[in-house]
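Note: the block below is final.cif and it holds mmCIF, C-alpha atoms.
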data_work
#
loop_
_atom_site.label_atom_id
_atom_site.label_comp_id
_atom_site.auth_asym_id
_atom_site.auth_seq_id
_atom_site.Cartn_x
_atom_site.Cartn_y
_atom_site.Cartn_z
CA MET A 140 -79.78 210.42 -6.73
CA THR A 141 -77.50 207.51 -5.89
CA THR A 142 -78.49 204.34 -4.05
CA PRO A 143 -78.81 204.72 -0.26
CA SER A 144 -75.60 203.79 1.55
CA LYS A 145 -77.39 202.54 4.68
CA THR A 146 -80.53 203.08 6.74
CA ALA A 147 -81.35 204.67 10.08
CA THR A 148 -84.10 203.55 12.43
CA LEU A 149 -86.54 206.03 13.94
CA SER A 150 -88.56 204.67 16.88
CA PHE A 151 -91.46 206.22 18.80
CA ASP A 152 -94.83 205.09 20.20
CA GLY A 153 -93.71 201.48 19.98
CA LYS A 154 -93.16 201.65 16.23
CA SER A 155 -89.95 201.72 14.18
CA PHE A 156 -89.36 203.17 10.74
CA GLU A 157 -86.41 202.64 8.42
CA LEU A 158 -85.11 205.79 6.74
CA PRO A 159 -82.56 205.66 3.91
CA MET A 160 -79.27 207.53 4.27
CA TYR A 161 -77.07 208.90 1.50
CA THR A 162 -73.34 209.55 1.53
CA PRO A 163 -72.34 212.68 -0.45
CA THR A 164 -69.02 213.10 -2.22
CA ALA A 165 -68.18 215.65 0.50
CA GLY A 166 -69.89 216.73 3.70
CA PRO A 167 -72.03 214.97 6.33
CA GLU A 168 -74.30 212.03 5.59
CA VAL A 169 -77.93 212.86 4.79
CA LEU A 170 -81.05 211.27 6.21
CA ASP A 171 -83.87 210.94 3.66
CA ILE A 172 -87.18 211.89 5.30
CA ARG A 173 -89.27 212.33 2.16
CA LYS A 174 -91.56 209.42 3.03
CA LEU A 175 -91.59 210.03 6.77
CA TYR A 176 -95.01 211.69 6.86
CA ALA A 177 -96.62 209.04 4.67
CA GLN A 178 -95.14 206.21 6.74
CA ALA A 179 -95.17 207.63 10.27
CA GLY A 180 -97.58 210.57 10.13
CA VAL A 181 -95.07 213.08 11.53
CA PHE A 182 -93.12 216.06 10.23
CA THR A 183 -89.66 217.25 11.16
CA TYR A 184 -89.14 220.71 12.67
CA ASP A 185 -86.20 222.78 11.40
CA PRO A 186 -86.71 226.58 11.46
CA GLY A 187 -84.45 228.20 8.90
CA TYR A 188 -83.79 224.79 7.35
CA THR A 189 -80.25 224.90 8.78
CA SER A 190 -80.17 221.12 9.20
CA THR A 191 -82.17 220.23 6.10
CA ALA A 192 -80.87 219.52 2.60
CA SER A 193 -83.48 220.91 0.21
CA CYS A 194 -81.87 219.42 -2.90
CA ASP A 195 -78.89 217.52 -4.23
CA SER A 196 -76.46 219.66 -6.19
CA THR A 197 -73.13 219.38 -8.00
CA ILE A 198 -72.32 223.10 -8.15
CA THR A 199 -70.85 224.45 -4.91
CA TYR A 200 -69.53 222.85 -1.72
CA ILE A 201 -68.76 224.66 1.55
CA ASP A 202 -66.99 223.30 4.63
CA GLY A 203 -67.31 226.11 7.13
CA ASP A 204 -65.20 224.44 9.82
CA GLU A 205 -62.24 224.06 7.49
CA GLY A 206 -62.76 227.31 5.55
CA ILE A 207 -63.30 225.53 2.22
CA LEU A 208 -65.33 226.82 -0.75
CA LEU A 209 -65.31 224.77 -3.95
CA HIS A 210 -66.99 225.52 -7.27
CA ARG A 211 -67.37 222.26 -9.23
CA GLY A 212 -64.46 220.99 -7.13
CA TYR A 213 -62.10 223.91 -7.73
CA PRO A 214 -60.99 225.91 -4.63
CA ILE A 215 -62.16 229.51 -4.69
CA ASP A 216 -58.67 230.90 -4.05
CA GLN A 217 -57.35 229.20 -7.20
CA LEU A 218 -60.24 230.46 -9.28
CA ALA A 219 -59.93 234.02 -7.95
CA SER A 220 -56.17 234.20 -8.49
CA LYS A 221 -55.79 232.27 -11.75
CA SER A 222 -59.14 232.64 -13.52
CA HIS A 223 -61.58 235.47 -14.20
CA PHE A 224 -65.30 236.00 -13.73
CA LEU A 225 -66.66 234.86 -17.10
CA GLU A 226 -64.54 231.71 -16.98
CA VAL A 227 -65.99 230.97 -13.54
CA CYS A 228 -69.45 231.67 -14.98
CA TYR A 229 -68.82 229.02 -17.62
CA LEU A 230 -67.63 226.58 -14.93
CA LEU A 231 -70.72 227.12 -12.79
CA LEU A 232 -73.11 226.85 -15.73
CA TYR A 233 -71.62 223.86 -17.53
CA GLY A 234 -69.63 221.95 -14.90
CA GLU A 235 -66.14 222.10 -16.43
CA LEU A 236 -63.51 224.73 -17.17
CA PRO A 237 -63.75 225.78 -20.83
CA SER A 238 -61.22 225.27 -23.58
CA SER A 239 -59.89 228.42 -25.27
CA ALA A 240 -62.43 228.05 -28.07
CA GLN A 241 -65.31 227.42 -25.68
CA LEU A 242 -64.37 230.43 -23.55
CA GLU A 243 -64.07 232.70 -26.58
CA ASP A 244 -67.49 231.60 -27.81
CA PHE A 245 -69.04 232.09 -24.36
CA GLU A 246 -67.50 235.55 -23.89
CA THR A 247 -68.73 236.57 -27.34
CA ARG A 248 -72.27 235.43 -26.60
CA VAL A 249 -72.33 237.32 -23.30
CA THR A 250 -70.81 240.45 -24.84
CA ARG A 251 -73.36 240.49 -27.69
CA HIS A 252 -76.25 240.42 -25.21
CA THR A 253 -75.23 243.25 -22.89
CA MET A 254 -77.62 245.85 -24.33
CA ILE A 255 -81.18 245.94 -23.05
CA HIS A 256 -84.32 246.63 -25.05
CA GLU A 257 -84.54 250.37 -25.67
CA GLN A 258 -88.11 250.54 -24.37
CA MET A 259 -86.89 249.29 -20.99
CA HIS A 260 -85.35 252.73 -20.45
CA ASN A 261 -88.90 253.92 -19.79
CA PHE A 262 -89.11 251.67 -16.75
CA PHE A 263 -86.27 253.52 -15.08
CA ARG A 264 -87.92 256.87 -15.68
CA GLY A 265 -91.02 255.63 -13.90
CA PHE A 266 -89.12 255.35 -10.61
CA ARG A 267 -88.44 258.25 -8.28
CA ARG A 268 -84.89 259.54 -8.51
CA ASP A 269 -84.30 258.70 -4.85
CA ALA A 270 -85.43 255.08 -5.28
CA HIS A 271 -82.91 252.57 -3.93
CA PRO A 272 -81.05 250.89 -6.82
CA MET A 273 -82.13 247.48 -5.50
CA ALA A 274 -85.79 248.49 -5.76
CA THR A 275 -85.16 249.53 -9.33
CA MET A 276 -83.36 246.26 -10.14
CA VAL A 277 -86.16 244.11 -8.72
CA GLY A 278 -88.66 245.88 -10.97
CA VAL A 279 -86.55 246.01 -14.13
CA VAL A 280 -85.32 242.40 -13.96
CA GLY A 281 -88.86 241.17 -13.38
CA ALA A 282 -89.98 243.28 -16.35
CA MET A 283 -87.55 241.44 -18.65
CA SER A 284 -90.22 238.75 -18.97
CA ALA A 285 -92.38 241.33 -20.75
CA PHE A 286 -89.73 241.86 -23.42
CA TYR A 287 -87.96 238.55 -24.02
CA HIS A 288 -90.85 236.23 -24.81
CA ASP A 289 -88.63 233.82 -26.73
CA SER A 290 -86.87 232.62 -23.56
CA LEU A 291 -89.71 232.08 -21.09
CA ASP A 292 -90.49 228.39 -21.69
CA VAL A 293 -88.57 226.61 -18.92
CA SER A 294 -89.32 223.21 -20.47
CA ASP A 295 -87.24 224.11 -23.56
CA PRO A 296 -83.47 223.61 -22.96
CA TRP A 297 -82.55 226.12 -25.67
CA GLN A 298 -84.79 228.83 -24.18
CA ARG A 299 -83.24 228.14 -20.76
CA GLU A 300 -79.80 228.63 -22.32
CA VAL A 301 -80.81 231.91 -23.99
CA ALA A 302 -82.34 233.21 -20.77
CA SER A 303 -79.18 232.31 -18.85
CA ILE A 304 -76.92 234.25 -21.22
CA ARG A 305 -79.28 237.21 -21.25
CA LEU A 306 -79.39 237.46 -17.47
CA ILE A 307 -75.62 237.25 -17.02
CA ALA A 308 -75.01 239.70 -19.87
CA LYS A 309 -77.64 242.31 -19.04
CA MET A 310 -77.34 242.45 -15.26
CA PRO A 311 -74.27 244.78 -15.31
CA THR A 312 -76.12 247.10 -17.69
CA ILE A 313 -79.21 247.15 -15.47
CA ALA A 314 -77.18 247.69 -12.29
CA ALA A 315 -75.18 250.52 -13.90
CA MET A 316 -78.35 252.16 -15.22
CA ALA A 317 -79.94 251.95 -11.75
CA TYR A 318 -76.87 253.75 -10.38
CA LYS A 319 -76.80 256.40 -13.10
CA TYR A 320 -80.52 257.07 -12.68
CA SER A 321 -80.11 257.49 -8.91
CA ILE A 322 -77.46 260.21 -9.35
CA GLY A 323 -79.14 262.00 -12.25
CA GLN A 324 -76.58 261.16 -14.93
CA PRO A 325 -77.32 259.86 -18.44
CA PHE A 326 -77.24 256.14 -19.13
CA VAL A 327 -74.02 254.81 -20.66
CA TYR A 328 -74.32 252.04 -23.24
CA PRO A 329 -72.12 248.92 -22.93
CA ARG A 330 -68.97 248.62 -25.00
CA ASN A 331 -68.07 245.37 -26.74
CA ASP A 332 -64.33 246.13 -26.67
CA LEU A 333 -64.17 245.96 -22.85
CA ASP A 334 -64.15 242.90 -20.64
CA TYR A 335 -67.02 242.18 -18.24
CA ALA A 336 -65.71 244.01 -15.15
CA ALA A 337 -64.20 246.93 -17.09
CA ASN A 338 -67.42 247.36 -19.03
CA PHE A 339 -69.42 247.60 -15.80
CA LEU A 340 -67.05 250.19 -14.35
CA HIS A 341 -67.21 252.17 -17.60
CA MET A 342 -71.01 252.18 -17.57
CA CYS A 343 -70.99 253.36 -13.94
CA PHE A 344 -68.32 256.06 -14.00
CA SER A 345 -67.97 257.42 -17.54
CA VAL A 346 -69.86 260.50 -18.72
CA PRO A 347 -70.46 261.76 -22.28
CA ALA A 348 -68.44 264.91 -21.65
CA GLU A 349 -65.05 263.23 -21.30
CA THR A 350 -63.13 260.02 -21.90
CA TYR A 351 -62.99 257.52 -19.04
CA HIS A 352 -60.12 255.04 -18.83
CA VAL A 353 -60.62 251.96 -16.65
CA ASN A 354 -57.57 251.31 -14.46
CA PRO A 355 -56.55 247.62 -14.82
CA ILE A 356 -55.92 247.27 -11.06
CA VAL A 357 -59.41 248.55 -10.29
CA SER A 358 -60.90 246.35 -13.02
CA ARG A 359 -59.10 243.29 -11.65
CA ALA A 360 -60.36 244.06 -8.15
CA MET A 361 -63.93 244.33 -9.46
CA ASP A 362 -63.50 241.04 -11.32
CA ARG A 363 -62.38 239.38 -8.09
CA ILE A 364 -65.34 240.78 -6.17
CA LEU A 365 -67.66 239.33 -8.82
CA THR A 366 -65.84 235.99 -8.80
CA LEU A 367 -65.82 235.65 -5.01
CA HIS A 368 -69.57 236.30 -4.76
CA ALA A 369 -70.62 234.19 -7.77
CA ASP A 370 -72.23 231.37 -5.78
CA HIS A 371 -72.45 230.29 -2.16
CA GLU A 372 -74.48 227.10 -2.09
CA GLN A 373 -78.07 227.09 -0.74
CA ASN A 374 -78.15 230.53 0.90
CA ALA A 375 -81.37 232.49 1.42
CA SER A 376 -81.51 234.16 -2.02
CA THR A 377 -80.49 230.99 -3.88
CA SER A 378 -83.12 229.02 -1.99
CA THR A 379 -85.63 231.75 -2.91
CA VAL A 380 -84.76 231.36 -6.59
CA ARG A 381 -85.13 227.58 -6.35
CA LEU A 382 -88.46 227.83 -4.52
CA ALA A 383 -89.85 230.32 -7.03
CA SER A 384 -88.55 228.17 -9.88
CA SER A 385 -90.23 225.06 -8.51
CA SER A 386 -93.60 226.52 -9.52
CA GLY A 387 -92.47 226.78 -13.15
CA ALA A 388 -92.20 230.58 -13.03
CA ASN A 389 -90.19 232.20 -15.81
CA PRO A 390 -86.46 232.75 -15.15
CA PHE A 391 -86.62 236.55 -15.02
CA ALA A 392 -89.30 236.46 -12.32
CA CYS A 393 -87.26 233.92 -10.35
CA ILE A 394 -84.07 235.98 -10.46
CA ALA A 395 -86.06 239.10 -9.48
CA ALA A 396 -87.24 237.13 -6.43
CA GLY A 397 -83.61 236.33 -5.62
CA ILE A 398 -82.67 240.01 -5.87
CA ALA A 399 -85.53 240.93 -3.50
CA CYS A 400 -84.31 238.37 -0.95
CA LEU A 401 -80.69 239.50 -1.27
CA TRP A 402 -81.78 243.05 -0.45
CA GLY A 403 -82.37 242.02 3.17
CA PRO A 404 -79.75 243.47 5.56
CA ALA A 405 -79.11 240.05 7.08
CA HIS A 406 -78.06 238.70 3.67
CA GLY A 407 -76.70 241.01 0.99
CA GLY A 408 -76.38 244.13 3.08
CA ALA A 409 -73.44 242.99 5.21
CA ASN A 410 -70.77 245.01 3.39
CA GLN A 411 -73.00 248.09 3.52
CA ALA A 412 -73.45 247.54 7.27
CA CYS A 413 -69.66 247.31 7.58
CA LEU A 414 -69.16 250.70 5.93
CA GLU A 415 -71.88 252.23 8.08
CA MET A 416 -70.02 250.93 11.14
CA LEU A 417 -66.78 252.51 9.91
CA ARG A 418 -68.63 255.81 9.54
CA GLU A 419 -69.94 255.45 13.08
CA ILE A 420 -66.38 255.00 14.34
CA GLY A 421 -65.38 258.03 12.29
CA THR A 422 -61.68 258.47 13.07
CA VAL A 423 -58.72 256.26 13.92
CA ASP A 424 -58.38 257.66 17.45
CA ARG A 425 -61.86 256.30 18.32
CA ILE A 426 -61.03 252.70 17.41
CA PRO A 427 -59.94 251.68 20.98
CA GLU A 428 -63.32 252.86 22.27
CA PHE A 429 -65.22 250.65 19.80
CA ILE A 430 -62.86 247.71 20.32
CA ALA A 431 -63.65 247.91 24.02
CA ARG A 432 -67.37 248.03 23.26
CA ALA A 433 -67.06 244.97 20.99
CA LYS A 434 -65.45 243.05 23.87
CA ASP A 435 -68.13 244.12 26.36
CA LYS A 436 -70.80 241.44 26.59
CA ASN A 437 -73.28 243.97 27.96
CA ASP A 438 -72.85 246.35 25.02
CA PRO A 439 -75.08 245.61 21.99
CA PHE A 440 -72.44 247.01 19.60
CA ARG A 441 -70.98 244.42 17.23
CA LEU A 442 -68.15 244.75 14.75
CA MET A 443 -69.57 244.26 11.26
CA GLY A 444 -67.41 242.58 8.63
CA PHE A 445 -65.66 240.28 11.11
CA GLY A 446 -66.30 236.57 11.56
CA HIS A 447 -68.82 234.61 9.51
CA ARG A 448 -71.89 232.50 10.20
CA VAL A 449 -70.72 229.69 7.93
CA TYR A 450 -66.91 229.92 8.13
CA LYS A 451 -65.67 229.14 11.65
CA ASN A 452 -61.92 229.62 11.14
CA THR A 453 -61.38 231.83 8.12
CA ASP A 454 -63.27 233.08 5.09
CA PRO A 455 -61.36 231.69 2.07
CA ARG A 456 -62.66 234.53 -0.08
CA ALA A 457 -61.31 237.19 2.27
CA LYS A 458 -57.70 236.07 1.92
CA VAL A 459 -57.87 236.64 -1.84
CA LEU A 460 -59.74 239.91 -1.63
CA LYS A 461 -57.34 241.35 0.95
CA GLN A 462 -54.66 241.43 -1.76
CA SER A 463 -56.93 243.40 -4.07
CA ALA A 464 -57.90 245.72 -1.23
CA ASP A 465 -54.25 246.50 -0.55
CA GLU A 466 -53.59 247.11 -4.26
CA VAL A 467 -56.62 249.38 -4.72
CA LEU A 468 -55.97 251.38 -1.55
CA GLU A 469 -52.34 251.83 -2.57
CA LEU A 470 -53.40 252.93 -6.06
CA LEU A 471 -56.16 255.30 -5.01
CA GLY A 472 -54.60 256.40 -1.72
CA VAL A 473 -56.09 256.33 1.76
CA HIS A 474 -54.29 259.34 3.19
CA ASP A 475 -57.16 261.76 2.57
CA ASN A 476 -60.00 259.33 3.29
CA PRO A 477 -60.72 258.97 7.05
CA LEU A 478 -63.08 256.05 6.43
CA LEU A 479 -60.42 253.95 4.71
CA GLN A 480 -57.87 254.92 7.35
CA VAL A 481 -60.23 253.55 9.99
CA ALA A 482 -60.71 250.35 7.95
CA LYS A 483 -56.96 249.71 7.65
CA GLU A 484 -56.30 250.34 11.35
CA LEU A 485 -59.29 248.22 12.40
CA GLU A 486 -58.03 245.38 10.20
CA HIS A 487 -54.60 245.63 11.86
CA VAL A 488 -56.11 245.48 15.33
CA ALA A 489 -58.39 242.54 14.52
CA LEU A 490 -55.53 240.50 13.03
CA ASN A 491 -53.28 241.04 16.07
CA ASP A 492 -55.54 241.35 19.10
CA PRO A 493 -55.61 238.08 21.13
CA TYR A 494 -59.34 238.53 21.81
CA PHE A 495 -60.21 238.62 18.11
CA ILE A 496 -57.84 235.75 17.34
CA GLU A 497 -59.34 233.59 20.09
CA LYS A 498 -62.91 234.41 19.07
CA LYS A 499 -62.01 233.89 15.38
CA LEU A 500 -63.31 237.34 14.47
CA PHE A 501 -61.31 237.55 11.26
CA PRO A 502 -62.03 240.16 8.56
CA ASN A 503 -64.45 238.51 6.13
CA VAL A 504 -65.21 239.07 2.45
CA ASP A 505 -67.79 241.75 3.27
CA PHE A 506 -65.16 243.83 5.09
CA TYR A 507 -62.75 243.83 2.16
CA SER A 508 -65.37 244.20 -0.58
CA GLY A 509 -66.89 247.13 1.28
CA ILE A 510 -63.64 249.08 1.57
CA ILE A 511 -62.74 248.32 -2.08
CA LEU A 512 -66.10 249.54 -3.38
CA GLU A 513 -65.87 252.62 -1.16
CA ALA A 514 -62.40 253.35 -2.52
CA MET A 515 -63.65 252.95 -6.09
CA GLY A 516 -66.24 255.64 -5.48
CA PHE A 517 -69.43 253.57 -5.17
CA PRO A 518 -72.02 254.77 -2.63
CA THR A 519 -73.12 252.16 -0.10
CA SER A 520 -76.51 251.97 -1.86
CA MET A 521 -74.72 250.24 -4.76
CA PHE A 522 -73.00 247.56 -2.68
CA THR A 523 -75.96 245.15 -2.71
CA PRO A 524 -76.75 245.70 -6.43
CA ILE A 525 -73.13 244.74 -7.21
CA PHE A 526 -73.62 241.66 -5.02
CA ALA A 527 -76.76 240.83 -7.03
CA LEU A 528 -74.84 241.31 -10.27
CA SER A 529 -72.16 238.84 -9.21
CA ARG A 530 -74.59 236.30 -7.68
CA THR A 531 -76.76 236.17 -10.82
CA VAL A 532 -74.63 233.42 -12.35
CA GLY A 533 -75.01 231.34 -9.19
CA TRP A 534 -78.76 231.80 -9.21
CA VAL A 535 -78.95 230.93 -12.90
CA SER A 536 -76.76 227.83 -12.46
CA GLN A 537 -78.86 226.60 -9.55
CA TRP A 538 -82.04 227.34 -11.50
CA LYS A 539 -80.85 225.40 -14.56
CA GLU A 540 -79.79 222.47 -12.40
CA MET A 541 -83.15 222.38 -10.65
CA ILE A 542 -85.25 222.63 -13.82
CA ALA A 543 -83.32 219.74 -15.39
CA ASP A 544 -83.69 217.55 -12.29
CA PRO A 545 -86.26 214.76 -12.90
CA GLN A 546 -86.97 214.71 -9.13
CA MET A 547 -88.06 218.35 -9.11
CA LYS A 548 -91.37 219.11 -7.45
CA ILE A 549 -92.97 222.32 -6.27
CA GLY A 550 -91.63 223.45 -2.90
CA ARG A 551 -94.14 223.12 -0.09
CA PRO A 552 -92.66 223.39 3.44
CA ARG A 553 -94.73 222.16 6.37
CA GLN A 554 -95.33 223.85 9.71
CA LEU A 555 -95.64 223.29 13.42
CA TYR A 556 -99.11 224.75 13.97
CA MET A 557 -99.54 226.36 17.41
CA GLY A 558 -102.74 228.35 16.78
CA GLU A 559 -106.34 227.88 17.84
CA THR A 560 -108.19 224.69 16.99
CA ALA A 561 -111.63 224.75 15.34
CA ARG A 562 -113.99 227.36 16.82
CA VAL A 563 -117.61 228.31 16.22
CA TYR A 564 -118.20 231.67 14.57
CA VAL A 565 -119.81 234.22 16.90
CA ASP A 566 -122.05 236.89 15.41
CA ILE A 567 -120.74 240.43 15.87
CA GLU A 568 -123.58 241.51 18.15
CA ASN A 569 -122.71 238.69 20.57
CA ARG A 570 -118.97 239.36 20.86
#
Entire entry expressed as structure tokens:
Amino acid sequence: MTTPSKTATLSFDGKSFELPMYTPTAGPEVLDIRKLYAQAGVFTYDPGYTSTASCDSTITYIDGDEGILLHRGYPIDQLASKSHFLEVCYLLLYGELPSSAQLEDFETRVTRHTMIHEQMHNFFRGFRRDAHPMATMVGVVGAMSAFYHDSLDVSDPWQREVASIRLIAKMPTIAAMAYKYSIGQPFVYPRNDLDYAANFLHMCFSVPAETYHVNPIVSRAMDRILTLHADHEQNASTSTVRLASSSGANPFACIAAGIACLWGPAHGGANQACLEMLREIGTVDRIPEFIARAKDKNDPFRLMGFGHRVYKNTDPRAKVLKQSADEVLELLGVHDNPLLQVAKELEHVALNDPYFIEKKLFPNVDFYSGIILEAMGFPTSMFTPIFALSRTVGWVSQWKEMIADPQMKIGRPRQLYMGETARVYVDIENR
């Protein structure tokens, strides 16, 4: 960490304490309270840690007020329109955009690690067929530590590198196998002649009985979905990965913890909730009814997929994904799909209604990713696994950064205790 830029004075009970402050390269100044308890005997109180920086990082920067998302300094719209997912993976992992030779080497290493150990197939068969794909992924990813013993030592930089490549390479295979298992179809092995997104689509939708050709427009849309969800700073699942990693746990266990956190409907389930809302609306003629309900303060109904907790003006990822949504819907057609008809009309209303404009209820990335995945033929149960697949590189990048940080220490949040003070035990016959 750099030298403090200035200090702040905290005063209470007639005493004053000097706290160092740091100025980041972007974002608000940060007050360093690490020694506050030792010096002043008090904790800070910040439920949800929404005003607390848990680490210093060089990976991703978000300015929600301005609608800015940068990966290693590069705006997300430039990366999504000019780059592709594996190049963004390289950027997140290593800090710089790769040369042609570096990218070719990286893509080759990822491609050569896409198969999983054959015995891992038995894990899938141990789950019920109606198990949610996320439940399957949590178990299978955690089980990777039982198979890849040569990449468990987090103190060894080379083993960390091998584990990173394995996780990025094998996650599409695991997600596709979880999907195939849930619908009773045979597993499809990865193909080294396909790119990352096309390979995932092939493993999900091809069957042994016939040839499956990946449409380039659909593949590009999938690549953009992966790119736009690759990392999002210190969100709940990323913080979970970092907290698990702080104990020295192996990387596969840490990423499994991130997947479990992402499964929560308040985090990774937003695009699924959006599609469920569209199903509740049902048909285009019912949209005015639900728009009226959304405007009614006394009605608990809320439009899912509009607005964003972090982005206050616009979601920079949504602008890019809207283009892919339009292309995919045009390619696959929305005329016979009532759900997608509702989505398109609802988008039109939200972008033109003064109420939505004033309240800044813009369609976000979850809205567009949900309608794209629906159009591709994915069930809503696969939306969050695809999110986990794309976010794996962010988790791995944050994990690698944390493990290499000389300031790293095991996470140990404090609490504001409001329970009973010391009491004397009462024997059961006297209660």
What would the selection look like, as a ChimeraX atom specification, if the PyMOL selection byres ((chain A and resi 391-401) around 8) were run on the coordinates I just shared?
/A:273-274,276-278,280-284,302,306,375-377,379-381,383-384,388-390,402-404,406-408,523,527,531,534-535
How about saving the chosen residues, C-alpha atoms kept, as a CSV table (one decimal), in the frame of the given file?
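The result, stored in again28.csv:
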chain,number,residue,atom,x,y,z
A,273,MET,CA,-82.1,247.5,-5.5
A,274,ALA,CA,-85.8,248.5,-5.8
A,276,MET,CA,-83.4,246.3,-10.1
A,277,VAL,CA,-86.2,244.1,-8.7
A,278,GLY,CA,-88.7,245.9,-11.0
A,280,VAL,CA,-85.3,242.4,-14.0
A,281,GLY,CA,-88.9,241.2,-13.4
A,282,ALA,CA,-90.0,243.3,-16.4
A,283,MET,CA,-87.6,241.4,-18.6
A,284,SER,CA,-90.2,238.8,-19.0
A,302,ALA,CA,-82.3,233.2,-20.8
A,306,LEU,CA,-79.4,237.5,-17.5
A,375,ALA,CA,-81.4,232.5,1.4
A,376,SER,CA,-81.5,234.2,-2.0
A,377,THR,CA,-80.5,231.0,-3.9
A,379,THR,CA,-85.6,231.8,-2.9
A,380,VAL,CA,-84.8,231.4,-6.6
A,381,ARG,CA,-85.1,227.6,-6.4
A,383,ALA,CA,-89.8,230.3,-7.0
A,384,SER,CA,-88.6,228.2,-9.9
A,388,ALA,CA,-92.2,230.6,-13.0
A,389,ASN,CA,-90.2,232.2,-15.8
A,390,PRO,CA,-86.5,232.8,-15.2
A,402,TRP,CA,-81.8,243.0,-0.4
A,403,GLY,CA,-82.4,242.0,3.2
A,404,PRO,CA,-79.8,243.5,5.6
A,406,HIS,CA,-78.1,238.7,3.7
A,407,GLY,CA,-76.7,241.0,1.0
A,408,GLY,CA,-76.4,244.1,3.1
A,523,THR,CA,-76.0,245.2,-2.7
A,527,ALA,CA,-76.8,240.8,-7.0
A,531,THR,CA,-76.8,236.2,-10.8
A,534,TRP,CA,-78.8,231.8,-9.2
A,535,VAL,CA,-79.0,230.9,-12.9
By how many Å are CA of Gln546 in chain A and CA of Arg299 in chain A apart?
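CA of Gln546 in chain A sits 18.2 Å away from CA of Arg299 in chain A.
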Selection: 8 Å around range 441-444 of chain A, all atoms listed in the file, excl. self and same-chain fewer than 3 positions, as a list in words:
Ala409, Asn410, Ala412, Cys413, Met416, Arg432, Ala433, Pro502, Asn503, Val504, Asp505 and Phe506 of chain A
Please indicate the distance in Å from CA of Val459 in chain A to CA of Leu500 in chain A, rounded to one decimal place.
17.2 Å
Shortest contact to Tyr335 in chain A, candidates A:Thr197, A:Ser386, A:Thr253, A:Gln411, atoms counted all atoms listed in the file, goes to A:Thr253
For CA of Ala308 in chain A and CA of His252 in chain A, the interatomic separation in Å (one decimal)
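CA of His252 in chain A lies at a distance of 5.5 Å from CA of Ala308 in chain A.
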Need the shell around range 478-482 of chain A: protein/DNA/RNA residues with any atom at most 10 Å away, counting only C-alpha atoms. Skip same-chain ones fewer than 6 positions apart. Format as a PDB file with C-alpha atoms, in the frame of the given file?
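Output file selection-v2.pdb follows:
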ATOM      1  CA  CYS A 413     -69.660 247.310   7.580  1.00  0.00           C
ATOM      2  CA  LEU A 414     -69.160 250.700   5.930  1.00  0.00           C
ATOM      3  CA  GLU A 415     -71.880 252.230   8.080  1.00  0.00           C
ATOM      4  CA  MET A 416     -70.020 250.930  11.140  1.00  0.00           C
ATOM      5  CA  LEU A 417     -66.780 252.510   9.910  1.00  0.00           C
ATOM      6  CA  ARG A 418     -68.630 255.810   9.540  1.00  0.00           C
ATOM      7  CA  GLU A 419     -69.940 255.450  13.080  1.00  0.00           C
ATOM      8  CA  ILE A 420     -66.380 255.000  14.340  1.00  0.00           C
ATOM      9  CA  GLY A 421     -65.380 258.030  12.290  1.00  0.00           C
ATOM     10  CA  THR A 422     -61.680 258.470  13.070  1.00  0.00           C
ATOM     11  CA  VAL A 423     -58.720 256.260  13.920  1.00  0.00           C
ATOM     12  CA  ASP A 424     -58.380 257.660  17.450  1.00  0.00           C
ATOM     13  CA  ARG A 425     -61.860 256.300  18.320  1.00  0.00           C
ATOM     14  CA  ILE A 426     -61.030 252.700  17.410  1.00  0.00           C
ATOM     15  CA  LEU A 468     -55.970 251.380  -1.550  1.00  0.00           C
ATOM     16  CA  GLY A 472     -54.600 256.400  -1.720  1.00  0.00           C
ATOM     17  CA  VAL A 488     -56.110 245.480  15.330  1.00  0.00           C
ATOM     18  CA  PHE A 506     -65.160 243.830   5.090  1.00  0.00           C
ATOM     19  CA  TYR A 507     -62.750 243.830   2.160  1.00  0.00           C
ATOM     20  CA  GLY A 509     -66.890 247.130   1.280  1.00  0.00           C
ATOM     21  CA  ILE A 510     -63.640 249.080   1.570  1.00  0.00           C
ATOM     22  CA  ILE A 511     -62.740 248.320  -2.080  1.00  0.00           C
ATOM     23  CA  GLU A 513     -65.870 252.620  -1.160  1.00  0.00           C
ATOM     24  CA  ALA A 514     -62.400 253.350  -2.520  1.00  0.00           C
TER      25      ALA A 514
END
Residues at most 7 Å from Val467 in chain A, counting all atoms listed in the file, excluding those fewer than 4 positions away in the same chain, as an MDAnalysis selection string?
chainID A and resid 356:357 463 471 511
